[in-house]
Structures are given as C-alpha cells and as structure tokens.
Amino acid sequence: MYKLYQNNRKNFVNRGQWYARAIKTQTIDTKTLAERIQRNCTAKHSDVLVVLTELVEVMQDELQASHAVKLNGFGTFKVGLKSSGATSISKFSVSKNIKGLHIIFTPEGHRDANGKMTRTFLTGCTVQEAPKNDVIGETQDGDGYGDNGDNGNVNP
C-alpha cells in the first residue's frame, strides 16, 4: 500500500511533484511469526521461538566476525560502516574516522532471461493506494485522494 506525498524540499528540481510512499499497516513480532509458522508445519510454537532466538544470537556472532550471513530463500546480511576521510593513512584513526556501523541486507532475488532482477519477497506483489489517503492538496483528479482512474492497482 502507498500514500501520496508532495516534494516540498527547497532547491529541488522536482519540488511540488507528487510521489507514492510505501506504508506499513502493522508490525509482526517474533511471537506472532512463531504462531503462524507453527500452523504451517509440525514444529511447536516454543520450538520455533527457540530457533528464531538462537538465529539472532548466531547471526550476531557471525556478523561481528566479519562474515556475511546468507539465509537461503531470504537474503544476505553483512556489516557496513560509515567513515570520514583522513588525509593520509597515518592520520586515520578508528576513534576519529569511523562514524558508525550498520547492517546491510540484500534480499534474495532471481534474474529472468532479460536480466531483470525480481526480489523473492516481492514476487506476486501488487501496489494499491491506502483506503484513506490523508494528503491534502492537489492530486491527479483534484479530489485530494490521488486516484487517477486505475483504482489504485498497479502491478510493478
């Protein structure tokens, strides 16, 4: 689902143009995932919770050892960092130049015969406008809701 927003940033060529922004309608936690997984297989809810909890701990160990972690059918995780430049190797220091760490996630995907990448999690995904779009102002048909006659359905 998406909602529309208008680019109002100063000094941008696209200022005033309208864009779609993906929205989340809910957050599913580990407990809920475990309940759903239990319904789909023979593992008990408590077993699934133990495995998911241990997965996080093992992934943390592997990532901190500078290993990438690939979950087949899911994607790959690795550590990234942000740093500032130093004028020479001798002037580089971790405390001054390393600004932070983050996780880089690359979802698994497949290329078709034309080389187009499709991410596993997005296969079969359709796009539609959220039922109530709180955008106020001009839209394509002027009613403030952004419906341009396609009923909000787009297959990306």
# chains A, B, ... in the order shown; residues from 1 in each chain; ligands from 1
call {"tool": "residues_around", "arguments": {"residues": "Thr25 (chain A)", "least_positions_apart": "4", "cutoff": "12 Å", "atoms": "only C-alpha atoms", "output": "mmCIF file with C-alpha atoms, in the first residue's frame"}}
result
data_model
loop_
_atom_site.group_PDB
_atom_site.id
_atom_site.type_symbol
_atom_site.label_atom_id
_atom_site.label_comp_id
_atom_site.auth_asym_id
_atom_site.auth_seq_id
_atom_site.Cartn_x
_atom_site.Cartn_y
_atom_site.Cartn_z
ATOM 1 C CA MET A 1 0.000 0.000 0.000
ATOM 2 C CA TYR A 2 1.047 3.547 -0.502
ATOM 3 C CA LYS A 3 0.129 7.103 0.342
ATOM 4 C CA ALA A 130 -4.232 3.039 1.063
ATOM 5 C CA PRO A 131 -8.009 3.279 1.606
#
call {"tool": "select_by_dssp", "arguments": {"residues": "chain A", "states": "strand (DSSP E or B)", "output": "JSON, numbers by chain"}}
result
{"A": [2, 3, 4, 5, 6, 18, 19, 20, 21, 22, 69, 70, 71, 75, 76, 77, 78, 79, 80, 81, 82, 83, 98, 99, 100, 101, 102, 103, 104, 105, 106, 107, 109, 110, 111, 117, 118, 119, 127, 129, 154]}
call {"tool": "atom_distance", "arguments": {"atom1": "CA of Gln64 (chain A)", "atom2": "CA of Ile98 (chain A)"}}
result
15.7 Å
call {"tool": "select_by_dssp", "arguments": {"residues": "chain A", "states": "alpha helix (DSSP H)", "output": "PyMOL selection string"}}
result
chain A and resi 30-40+45-64+94-97
call {"tool": "atom_distance", "arguments": {"atom1": "CA of Ala43 (chain A)", "atom2": "CA of Met59 (chain A)"}}
result
21.5 Å
call {"tool": "residues_around", "arguments": {"residues": "region 108-122 of chain A", "least_positions_apart": "2", "cutoff": "9 Å", "atoms": "only C-alpha atoms", "output": "MDAnalysis selection string"}}
result
chainID A and resid 70:76 106 124:126
call {"tool": "write_last_selection", "arguments": {"atoms": "N, CA and C atoms", "output": "short mmCIF file (atom, residue, chain, number, x, y, z; two decimals), in the first residue's frame"}}
result
data_model
loop_
_atom_site.label_atom_id
_atom_site.label_comp_id
_atom_site.auth_asym_id
_atom_site.auth_seq_id
_atom_site.Cartn_x
_atom_site.Cartn_y
_atom_site.Cartn_z
N LYS A 70 24.11 -15.68 4.92
CA LYS A 70 23.11 -15.88 3.88
C LYS A 70 22.07 -16.87 4.38
N LEU A 71 20.82 -16.43 4.38
CA LEU A 71 19.70 -17.32 4.69
C LEU A 71 19.06 -17.65 3.35
N ASN A 72 19.28 -18.86 2.88
CA ASN A 72 18.78 -19.26 1.56
C ASN A 72 17.28 -19.00 1.45
N GLY A 73 16.88 -18.40 0.35
CA GLY A 73 15.48 -18.06 0.14
C GLY A 73 15.06 -16.77 0.81
N PHE A 74 15.93 -16.17 1.58
CA PHE A 74 15.64 -14.96 2.36
C PHE A 74 16.52 -13.81 1.90
N GLY A 75 17.82 -13.93 2.12
CA GLY A 75 18.74 -12.88 1.72
C GLY A 75 20.03 -12.96 2.50
N THR A 76 20.87 -11.96 2.29
CA THR A 76 22.20 -11.93 2.90
C THR A 76 22.37 -10.68 3.76
N THR A 106 20.59 -7.63 1.82
CA THR A 106 20.27 -7.77 0.40
C THR A 106 19.31 -8.93 0.26
N GLY A 124 4.95 -11.49 -7.04
CA GLY A 124 3.50 -11.50 -6.92
C GLY A 124 2.92 -10.31 -6.18
N CYS A 125 3.76 -9.39 -5.76
CA CYS A 125 3.30 -8.21 -5.02
C CYS A 125 2.56 -7.25 -5.95
N THR A 126 1.46 -6.71 -5.49
CA THR A 126 0.75 -5.67 -6.22
C THR A 126 0.76 -4.40 -5.38
#
call {"tool": "residues_around", "arguments": {"residues": "Lys99 (chain A)", "least_positions_apart": "3", "cutoff": "8 Å", "atoms": "only C-alpha atoms", "output": "list of chain:residue names"}}
result
A:Leu81, A:Lys82, A:Ser83, A:Ser84, A:Lys96
call {"tool": "write_last_selection", "arguments": {"atoms": "N, CA and C atoms", "output": "PDB file, in the first residue's frame"}}
result
ATOM      1  N   LEU A  81      29.972   0.007   7.386  1.00  0.00           N
ATOM      2  CA  LEU A  81      30.370   1.082   8.287  1.00  0.00           C
ATOM      3  C   LEU A  81      30.408   2.407   7.553  1.00  0.00           C
ATOM      4  N   LYS A  82      30.296   3.458   8.320  1.00  0.00           N
ATOM      5  CA  LYS A  82      30.388   4.808   7.788  1.00  0.00           C
ATOM      6  C   LYS A  82      31.667   5.404   8.341  1.00  0.00           C
ATOM      7  N   SER A  83      32.453   5.998   7.450  1.00  0.00           N
ATOM      8  CA  SER A  83      33.689   6.607   7.917  1.00  0.00           C
ATOM      9  C   SER A  83      33.915   7.938   7.215  1.00  0.00           C
ATOM     10  N   SER A  84      34.698   8.757   7.840  1.00  0.00           N
ATOM     11  CA  SER A  84      35.119  10.016   7.219  1.00  0.00           C
ATOM     12  C   SER A  84      36.549   9.833   6.730  1.00  0.00           C
ATOM     13  N   LYS A  96      38.423   8.635  15.410  1.00  0.00           N
ATOM     14  CA  LYS A  96      38.098   9.871  14.689  1.00  0.00           C
ATOM     15  C   LYS A  96      37.371   9.615  13.372  1.00  0.00           C
TER      16      LYS A  96
END
call {"tool": "atom_distance", "arguments": {"atom1": "CA of Tyr19 (chain A)", "atom2": "CA of Gln6 (chain A)"}}
result
6.2 Å
